[in-house]
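The data block below is data_26.txt; it holds compact mmCIF, C-alpha atoms.
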# COMPACT_ATOMS: atom_id res chain seq x y z
CA MET J 203 0.00 0.00 0.00
CA SER J 204 1.24 3.48 -0.82
CA ARG J 205 1.09 6.31 1.69
CA ASP J 206 -2.20 7.56 0.26
CA SER J 207 -3.79 4.11 0.80
CA THR J 208 -3.94 3.40 -2.92
CA ALA J 209 -3.04 -0.06 -4.20
CA ARG J 210 -0.78 0.46 -7.21
CA ILE J 211 -0.73 -2.36 -9.74
CA LEU J 212 1.25 -2.71 -12.97
CA VAL J 213 0.40 -5.62 -15.29
CA CYS J 214 2.50 -6.71 -18.25
CA GLY J 215 0.10 -6.85 -21.17
CA PRO J 216 0.49 -8.20 -24.70
CA THR J 217 2.81 -7.19 -27.50
CA VAL J 218 0.44 -5.73 -30.07
CA TYR J 219 1.13 -7.33 -33.44
CA ASP J 220 -1.97 -9.54 -33.64
CA PHE J 221 -5.32 -10.18 -31.99
CA SER J 222 -5.14 -11.11 -28.29
CA HIS J 223 -5.80 -14.70 -27.32
CA PHE J 224 -7.26 -16.74 -24.48
CA GLY J 225 -3.98 -16.71 -22.57
CA HIS J 226 -4.14 -12.92 -22.49
CA ALA J 227 -7.78 -13.15 -21.38
CA ARG J 228 -6.74 -15.21 -18.36
CA ILE J 229 -4.28 -12.54 -17.27
CA LEU J 230 -6.65 -9.66 -17.94
CA LEU J 231 -9.54 -11.25 -16.07
CA PHE J 232 -7.46 -12.32 -13.08
CA TYR J 233 -6.20 -8.78 -12.45
CA ASP J 234 -9.67 -7.42 -13.10
CA LEU J 235 -10.95 -9.75 -10.38
CA LEU J 236 -8.17 -8.73 -8.00
CA THR J 237 -8.84 -5.04 -8.59
CA ARG J 238 -12.60 -5.50 -8.21
CA TYR J 239 -12.11 -7.23 -4.88
CA LEU J 240 -9.71 -4.61 -3.52
CA GLU J 241 -12.13 -1.84 -4.51
CA GLN J 242 -15.05 -3.70 -2.94
CA LYS J 243 -13.01 -3.79 0.28
CA GLY J 244 -12.91 0.00 0.16
CA MET J 245 -9.37 0.31 -1.17
CA LYS J 246 -8.50 2.79 -3.89
CA THR J 247 -6.67 1.17 -6.79
CA THR J 248 -4.59 2.38 -9.70
CA ALA J 249 -4.22 -0.55 -12.10
CA ILE J 250 -2.15 -0.03 -15.26
CA LEU J 251 -2.07 -2.48 -18.16
CA ASN J 252 1.26 -2.01 -19.89
CA ILE J 253 1.15 -2.54 -23.67
CA THR J 254 4.37 -3.32 -25.55
CA ASP J 255 4.32 -1.49 -28.88
CA ILE J 256 8.07 -1.40 -29.51
CA ASP J 257 9.14 -4.87 -30.62
CA PRO J 258 10.68 -6.58 -33.68
CA LYS J 259 7.55 -8.71 -34.16
CA ILE J 260 5.53 -5.54 -34.81
CA SER J 261 8.01 -4.32 -37.41
CA PHE J 262 8.19 -7.74 -39.09
CA ARG J 263 4.41 -7.81 -39.49
CA ALA J 264 4.44 -4.24 -40.82
CA LYS J 265 7.02 -5.26 -43.42
CA GLU J 266 4.91 -8.26 -44.44
CA GLU J 267 1.84 -6.06 -44.91
CA GLY J 268 3.62 -3.09 -46.43
CA SER J 269 2.55 -0.81 -43.60
CA SER J 270 4.28 0.87 -40.68
CA ALA J 271 4.94 -0.37 -37.14
CA ALA J 272 2.75 2.44 -35.82
CA GLU J 273 -0.14 1.34 -38.03
CA ILE J 274 0.18 -2.27 -36.83
CA SER J 275 0.42 -1.38 -33.14
CA ASN J 276 -2.41 1.16 -33.31
CA ARG J 277 -4.67 -1.33 -35.07
CA PHE J 278 -4.14 -4.10 -32.54
CA ILE J 279 -4.27 -1.80 -29.53
CA ASN J 280 -7.71 -0.75 -30.76
CA GLU J 281 -8.69 -4.42 -31.20
CA LEU J 282 -7.44 -5.18 -27.67
CA LEU J 283 -9.50 -2.31 -26.27
CA ILE J 284 -12.58 -3.77 -27.97
CA ASP J 285 -11.89 -7.16 -26.36
CA ILE J 286 -11.35 -5.52 -22.97
CA ARG J 287 -14.65 -3.68 -23.24
CA PHE J 288 -16.62 -6.77 -24.20
CA LEU J 289 -14.93 -8.80 -21.45
CA GLY J 290 -16.53 -6.28 -19.07
CA ILE J 291 -13.23 -4.90 -17.79
CA GLU J 292 -13.37 -1.33 -16.53
CA THR J 293 -10.64 -1.46 -13.91
CA PHE J 294 -7.52 -0.79 -16.02
CA SER J 295 -5.86 2.24 -17.47
CA ILE J 296 -3.66 1.62 -20.51
CA ALA J 297 0.01 2.58 -20.89
CA ARG J 298 1.81 2.03 -24.18
CA THR J 299 5.59 1.84 -23.95
CA SER J 300 6.19 4.11 -26.94
CA ASP J 301 4.78 6.99 -24.90
CA TYR J 302 7.65 6.61 -22.41
CA VAL J 303 10.67 6.59 -24.74
CA GLU J 304 11.88 9.98 -23.49
CA THR J 305 11.68 8.65 -19.93
CA ALA J 306 13.69 5.60 -20.98
CA LYS J 307 16.37 7.76 -22.59
CA ASN J 308 16.71 9.85 -19.44
CA LEU J 309 16.93 6.79 -17.22
CA VAL J 310 19.56 5.08 -19.38
CA ARG J 311 21.67 8.25 -19.61
CA GLY J 312 21.52 8.58 -15.83
CA LEU J 313 22.58 4.98 -15.29
CA VAL J 314 25.60 5.47 -17.56
CA THR J 315 26.51 8.73 -15.81
CA ASP J 316 26.29 6.98 -12.43
CA LYS J 317 28.51 4.17 -13.78
CA ARG J 318 25.77 1.60 -13.20
CA ALA J 319 25.57 0.99 -16.95
CA TYR J 320 28.11 1.04 -19.78
CA PHE J 321 28.44 1.35 -23.56
CA THR J 322 29.73 -1.43 -25.78
CA ASN J 323 29.34 -1.88 -29.54
CA GLY J 324 26.61 0.73 -29.74
CA ASN J 325 24.55 -0.85 -26.96
CA VAL J 326 24.11 0.09 -23.31
CA TYR J 327 23.99 -2.59 -20.58
CA LEU J 328 23.15 -2.50 -16.89
CA ASP J 329 26.04 -3.88 -14.86
CA THR J 330 24.60 -6.64 -12.65
CA SER J 331 27.83 -7.54 -10.85
CA SER J 332 26.91 -5.54 -7.73
CA LEU J 333 23.32 -6.81 -7.53
CA ALA J 334 23.51 -9.56 -4.92
CA SER J 335 19.80 -10.38 -5.18
CA TYR J 336 19.79 -10.80 -8.97
CA GLY J 337 18.18 -14.17 -9.72
CA ARG J 338 16.20 -14.35 -6.50
CA LEU J 339 12.78 -14.01 -8.11
CA SER J 340 13.47 -16.82 -10.59
CA ARG J 341 15.38 -18.77 -7.92
CA MET J 342 18.40 -19.09 -10.17
CA SER J 343 22.01 -19.26 -9.04
CA ARG J 344 24.74 -17.21 -10.72
CA ASP J 345 25.84 -20.30 -12.66
CA GLU J 346 22.27 -20.94 -13.82
CA LEU J 347 21.95 -17.31 -14.90
CA ILE J 348 25.14 -17.61 -16.92
CA ASN J 349 23.91 -20.81 -18.57
CA SER J 350 20.54 -19.15 -19.32
CA ARG J 351 22.09 -15.94 -20.55
CA VAL J 352 20.16 -13.64 -22.84
CA ASP J 353 21.17 -10.72 -25.05
CA ILE J 354 24.35 -12.55 -26.04
CA ALA J 355 26.86 -10.07 -27.46
CA ASN J 356 30.56 -9.32 -27.55
CA GLY J 357 31.78 -6.72 -25.13
CA LYS J 358 29.49 -7.47 -22.22
CA LYS J 359 31.29 -7.34 -18.88
CA ASN J 360 29.11 -10.05 -17.36
CA PRO J 361 26.95 -12.64 -19.14
CA SER J 362 23.90 -11.60 -17.10
CA ASP J 363 24.19 -7.85 -17.79
CA ILE J 364 20.90 -6.41 -19.02
CA LEU J 365 20.46 -4.71 -22.39
CA LEU J 366 19.01 -1.24 -21.85
CA TRP J 367 19.52 0.52 -25.18
CA ASN J 368 19.82 -1.45 -28.41
CA GLY J 369 21.82 0.54 -30.93
CA SER J 370 23.20 -2.38 -32.90
CA ASP J 371 20.02 -3.90 -34.38
CA ASP J 372 17.80 -2.14 -36.88
CA PHE J 373 14.37 -3.78 -37.15
CA GLY J 374 12.44 -0.72 -38.28
CA GLN J 375 11.55 1.09 -35.06
CA LYS J 376 14.28 3.44 -33.91
CA TYR J 377 14.78 6.61 -31.92
CA TYR J 378 17.59 9.13 -31.70
CA ASP J 379 19.33 10.60 -28.68
CA ASN J 380 22.32 12.96 -28.69
CA TYR J 381 24.07 10.90 -26.02
CA LEU J 382 22.89 7.36 -26.71
CA GLY J 383 22.80 7.55 -30.48
CA THR J 384 20.22 5.84 -32.69
CA GLY J 385 18.47 2.80 -31.24
CA VAL J 386 15.54 1.62 -29.14
CA PRO J 387 14.99 1.25 -25.40
CA TRP J 388 14.97 -2.51 -24.93
CA TRP J 389 12.10 -4.58 -23.56
CA HIS J 390 12.89 -4.47 -19.84
CA ILE J 391 13.68 -0.76 -19.58
CA GLN J 392 10.49 0.01 -21.51
CA ASP J 393 8.42 -1.38 -18.63
CA SER J 394 10.69 0.11 -15.98
CA SER J 395 10.20 3.51 -17.64
CA VAL J 396 6.44 3.17 -17.28
CA ALA J 397 6.88 2.19 -13.63
CA MET J 398 9.22 5.09 -12.92
CA SER J 399 7.02 7.62 -14.69
CA LEU J 400 3.69 6.56 -13.17
CA PHE J 401 4.70 5.19 -9.75
CA ASN J 402 8.19 6.65 -9.21
CA GLY J 403 9.40 3.04 -9.35
CA LYS J 404 7.74 1.99 -6.09
CA TYR J 405 4.39 0.20 -6.07
CA ASP J 406 2.47 -2.71 -4.64
CA ILE J 407 1.96 -5.41 -7.26
CA HIS J 408 3.62 -6.25 -10.56
CA GLY J 409 1.86 -9.00 -12.48
CA GLY J 410 1.89 -10.96 -15.68
CA ALA J 411 2.35 -14.42 -17.13
CA ILE J 412 4.58 -16.97 -15.40
CA GLU J 413 6.89 -17.07 -18.43
CA LEU J 414 7.92 -13.47 -17.68
CA VAL J 415 9.68 -14.32 -14.42
CA TYR J 416 13.00 -14.67 -16.23
CA PRO J 417 14.44 -12.71 -17.83
CA HIS J 418 11.81 -9.97 -17.96
CA HIS J 419 10.69 -9.48 -14.38
CA GLU J 420 14.10 -10.39 -12.99
CA SER J 421 15.52 -7.60 -15.15
CA ILE J 422 12.85 -5.10 -14.11
CA ILE J 423 13.59 -5.76 -10.44
CA ALA J 424 17.30 -5.16 -11.03
CA GLN J 425 16.63 -1.91 -12.88
CA LEU J 426 14.18 -0.59 -10.30
CA GLN J 427 16.51 -1.47 -7.42
CA VAL J 428 19.22 0.66 -8.97
CA LEU J 429 16.90 3.47 -10.07
CA THR J 430 15.10 3.78 -6.72
CA SER J 431 17.97 2.79 -4.40
CA SER J 432 15.56 0.34 -2.79
CA GLN J 433 15.98 -3.39 -2.36
CA GLN J 434 12.21 -3.92 -2.55
CA PRO J 435 10.71 -1.33 -4.88
CA VAL J 436 7.78 -3.65 -5.64
CA LYS J 437 6.09 -5.40 -2.73
CA ILE J 438 4.54 -8.35 -4.58
CA TRP J 439 5.49 -10.08 -7.83
CA ASN J 440 2.53 -12.10 -9.01
CA HIS J 441 2.31 -14.55 -11.92
CA VAL J 442 -0.50 -16.27 -13.79
CA GLY J 443 -0.11 -19.78 -15.23
CA LEU J 444 -0.03 -20.33 -18.98
CA VAL J 445 -2.94 -21.51 -21.08
CA THR J 446 -2.00 -24.60 -23.11
CA VAL J 447 -3.47 -26.25 -26.20
CA ASN J 448 -2.51 -29.83 -27.01
CA GLY J 449 0.33 -29.73 -24.52
CA ARG J 450 1.92 -26.50 -25.78
CA LYS J 451 1.49 -22.98 -24.48
CA MET J 452 -0.98 -20.87 -26.42
CA SER J 453 1.19 -18.57 -28.46
CA LYS J 454 0.98 -16.53 -31.63
CA SER J 455 4.39 -17.89 -32.64
CA PHE J 456 3.13 -21.50 -32.32
CA GLY J 457 0.03 -20.73 -34.35
CA ASN J 458 -2.27 -22.44 -31.83
CA VAL J 459 -4.12 -19.41 -30.53
CA VAL J 460 -7.77 -19.17 -29.64
CA ARG J 461 -8.70 -15.52 -30.09
CA ILE J 462 -10.59 -13.70 -27.36
CA ARG J 463 -12.74 -12.15 -30.07
CA ASP J 464 -13.94 -15.51 -31.38
CA MET J 465 -14.81 -16.85 -27.91
CA LEU J 466 -16.66 -13.64 -27.02
CA GLN J 467 -18.79 -13.89 -30.13
CA LYS J 468 -19.67 -17.51 -29.42
CA TYR J 469 -20.01 -17.57 -25.62
CA GLY J 470 -19.96 -14.06 -24.14
CA SER J 471 -17.92 -12.69 -21.24
CA ASN J 472 -19.81 -14.42 -18.39
CA ILE J 473 -19.02 -17.92 -19.63
CA ILE J 474 -15.39 -17.05 -20.34
CA ARG J 475 -15.03 -15.68 -16.80
CA LEU J 476 -16.66 -18.72 -15.20
CA TYR J 477 -14.47 -21.06 -17.24
CA LEU J 478 -11.19 -19.27 -16.52
CA PHE J 479 -11.98 -18.84 -12.80
CA SER J 480 -12.59 -22.59 -12.53
CA ARG J 481 -8.81 -23.12 -12.23
CA HIS J 482 -6.44 -21.53 -9.74
CA TYR J 483 -4.61 -18.68 -11.42
CA ARG J 484 -1.14 -20.04 -10.59
CA GLN J 485 -1.78 -23.37 -12.28
CA PRO J 486 -1.45 -24.15 -16.00
CA PHE J 487 -4.78 -24.06 -17.79
CA LYS J 488 -5.49 -26.72 -20.40
CA PHE J 489 -7.92 -25.16 -22.85
CA LEU J 490 -10.72 -27.42 -24.02
CA GLN J 491 -13.50 -25.69 -25.90
CA SER J 492 -15.83 -28.62 -25.17
CA GLU J 493 -15.72 -27.65 -21.47
CA LEU J 494 -17.23 -24.24 -22.17
CA ASP J 495 -20.66 -25.81 -22.67
CA LYS J 496 -20.63 -26.84 -19.01
CA TYR J 497 -20.26 -23.20 -18.01
CA CYS J 498 -23.12 -22.22 -20.32
CA PHE J 499 -25.34 -24.32 -18.04
CA ILE J 500 -23.86 -22.78 -14.88
CA ASN J 501 -24.33 -19.30 -16.31
CA ASP J 502 -27.98 -20.06 -17.07
CA LYS J 503 -28.44 -21.39 -13.53
CA ILE J 504 -27.09 -18.18 -12.00
CA ALA J 505 -29.21 -16.01 -14.29
CA SER J 506 -32.32 -18.02 -13.47
CA SER J 507 -31.71 -17.72 -9.73
CA LEU J 508 -31.26 -13.95 -10.01
CA TRP J 509 -34.44 -13.68 -12.08
CA ARG J 510 -36.43 -15.72 -9.56
CA THR J 511 -35.25 -13.53 -6.67
CA ALA J 512 -35.58 -10.17 -8.43
CA GLY J 513 -37.00 -7.55 -6.07
CA THR J 514 -36.17 -9.52 -2.92
CA SER J 515 -33.30 -8.96 -0.56
CA ASN J 516 -31.60 -10.41 2.44
CA GLN J 517 -29.65 -7.81 4.38
CA SER J 518 -27.81 -10.29 6.58
CA SER J 519 -24.31 -11.42 5.73
CA SER J 520 -24.65 -15.18 5.39
CA LYS J 521 -22.15 -17.95 5.93
CA LEU J 522 -21.95 -18.42 2.16
CA LYS J 523 -20.73 -14.88 1.62
CA GLN J 524 -18.19 -15.27 4.42
CA LYS J 525 -17.03 -18.56 2.94
CA PHE J 526 -16.72 -17.00 -0.52
CA THR J 527 -14.67 -14.13 0.91
CA ARG J 528 -12.31 -16.49 2.76
CA TYR J 529 -11.57 -18.33 -0.46
CA ILE J 530 -10.92 -15.13 -2.40
CA GLU J 531 -8.60 -13.87 0.33
CA ASN J 532 -6.74 -17.19 0.38
CA ASP J 533 -4.52 -16.45 -2.63
CA MET J 534 -7.52 -15.78 -4.89
CA ASN J 535 -8.85 -19.33 -4.74
CA THR J 536 -11.45 -18.82 -7.45
CA PRO J 537 -12.25 -22.52 -8.05
CA ALA J 538 -13.46 -22.91 -4.45
CA ALA J 539 -15.18 -19.50 -4.55
CA LEU J 540 -16.96 -20.52 -7.75
CA GLN J 541 -18.42 -23.56 -6.02
CA VAL J 542 -19.79 -21.29 -3.28
CA LEU J 543 -21.29 -19.01 -5.94
CA ILE J 544 -23.03 -22.01 -7.51
CA GLU J 545 -24.29 -23.03 -4.06
CA ALA J 546 -25.71 -19.52 -3.55
CA ALA J 547 -27.47 -19.79 -6.91
CA THR J 548 -28.92 -23.15 -5.87
CA HIS J 549 -30.24 -21.66 -2.62
CA HIS J 550 -31.57 -18.55 -4.41
CA ASP J 551 -29.93 -16.16 -1.95
CA PRO J 552 -30.17 -12.81 -3.80
CA THR J 553 -27.92 -10.63 -1.63
CA ASP J 554 -25.01 -13.05 -1.48
CA LEU J 555 -25.38 -14.05 -5.12
CA LYS J 556 -25.33 -10.44 -6.31
CA TYR J 557 -22.23 -9.79 -4.22
CA MET J 558 -20.42 -12.83 -5.64
CA THR J 559 -21.35 -12.12 -9.24
CA ARG J 560 -20.17 -8.53 -8.80
CA ILE J 561 -16.74 -9.71 -7.59
CA PHE J 562 -16.52 -12.21 -10.47
CA GLY J 563 -17.48 -9.46 -12.91
CA LEU J 564 -20.57 -11.32 -14.15
CA ASN J 565 -23.30 -9.23 -15.78
CA TYR J 566 -26.95 -10.36 -15.95
Let me see the file written as structure tokens.
Amino acid sequence: MSRDSTARILVCGPTVYDFSHFGHARILLFYDLLTRYLEQKGMKTTAILNITDIDPKISFRAKEEGSSAAEISNRFINELLIDIRFLGIETFSIARTSDYVETAKNLVRGLVTDKRAYFTNGNVYLDTSSLASYGRLSRMSRDELINSRVDIANGKKNPSDILLWNGSDDFGQKYYDNYLGTGVPWWHIQDSSVAMSLFNGKYDIHGGAIELVYPHHESIIAQLQVLTSSQQPVKIWNHVGLVTVNGRKMSKSFGNVVRIRDMLQKYGSNIIRLYLFSRHYRQPFKFLQSELDKYCFINDKIASSLWRTAGTSNQSSSKLKQKFTRYIENDMNTPAALQVLIEAATHHDPTDLKYMTRIFGLNY
């Protein structure tokens, strides 16, 4: 919690070179649920969905289509906003990394000036040698970090040093700085720039997919520790399990995506929410479209119960509501909470059912 009692949340969103898929929906809806619950508890929240719109994949698609990277990113940001609206999400503000390039330049220049970063072969790297906690989030030893090294290049002082400014690759998106030269702020510093600009680098929760733990979130921690002179600039790092199809993670690069748009048109947001909340957010989620029909029935049952109890109320806080709340507060145990919601629908308890559907973001 910040000093003004506002919960500050930054979520790593998609890279916008295509339509968003069901794996993105799981992340979006989990943090929507978390934010809804915090606000219901009377807590102010500032939840930012960070959109990556500087990335080689965007430029590659632009080249394929004969358009520009800006046209591609703008198109798919607009498509994402449509999906967000029809998923019933109203809890996020959007930040696109291209709006924070000047911040990134300033941060990288400052790190070089303070001798925490260095130039080599046109690139700038953060020196990780003095960061004793580097690797703690991913639970990797120094040897494991070396063996899993990223941003391989000649001239790096340490294998684990983090690329901040990429001046050696030209993939179509580039920016100029008198000190840094021509290049792009690299992936990790893009997100750190958003965090520094909006939250001064210190906030409550940073979230995203489990695959981002290393190197992305590990790198962001390192950058924010140096930039804020704090060992714990972010209180909680939170990760959502991947959605898989036929044993492989759902990914645009694998070509096995199920688009949010298609599922919304066929099933609607309520059924998607019920389905995704039926598994604990930390666990992998095996997508089976055949299972969605089960949640069509559950959705109808909830709607019928609300219709039957329209105009009635029960002002008392029942054991079901208390039970539901305990599950939500126990690491967001939505599968157990969903069973309580179904029980409330079976008992036709209007007050508790309305409360639970509001937390789940269900609209009837």
Extract, using all atoms listed in the file, all DNA, RNA and protein residues at most 10 Å from J:Leu365, discarding same-chain residues fewer than 3 positions from it, and format them as a PyMOL selection string. chain J and resi 319-320+325-329+352-355+358+362+368+387-391+421
For stretch 271-282 of chain J, work out the shell of residues within 7 Å, counting only C-alpha atoms and skipping chain neighbours fewer than 3 positions away, then give it as a PyMOL selection string. chain J and resi 218-222+255+260-261+264+285-286
Provide the atom CA of J:Thr217 to atom CA of J:Leu400 distance in Å, to one decimal place.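 Separation of atom CA of J:Thr217 and atom CA of J:Leu400: 19.9 Å.
Shortest separation to J:Gly409 among J:Leu283, J:Ala306, J:Ile364, J:Ile229 occurs at residue J:Ile229, atoms counted being all atoms listed in the file.
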For atom CA of J:Lys307 and atom CA of J:Gln425, the interatomic separation in Å (one decimal):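 Between atom CA of J:Lys307 and atom CA of J:Gln425 the gap works out to 13.7 Å.
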Which one of J:Ser453, J:Ser471, J:Thr305, J:Ser295 sits closest to J:Leu564 if you count only C-alpha atoms?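 With only C-alpha atoms as the atom set, the closest residue is J:Ser471.
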Counting only C-alpha atoms, figure out which residue out of J:Lys523, J:Arg311, J:Lys556, J:Arg238 gets nearest to J:Glu292.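 For J:Glu292, the nearest of the given residues is J:Arg238.
Nearest to J:Cys498 of all the residues J:Tyr469, J:Trp367, J:Tyr483, J:Tyr566 is J:Tyr469, counting only C-alpha atoms.
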Report, in Å with one decimal, the straight-line distance from atom CA of J:Ile561 to atom CA of J:Phe526.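 For atom CA of J:Ile561 relative to atom CA of J:Phe526, the distance reads 10.2 Å.
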So that I can check the surroundings of J:Ser340, please list as an NGL selection string every protein, DNA and RNA residue that reaches within 8 Å of it, counting only C-alpha atoms and ignoring chain neighbours fewer than 3 positions away. :J and (337 or 415-416 or 420)
Within 12 Å of J:Glu304, counting only C-alpha atoms, which residues show up once you throw out same-chain ones fewer than 6 positions away? Write them as a ChimeraX atom specification, please. /J:310-311,377-379,382,386-387,391-392,395-396,398-399
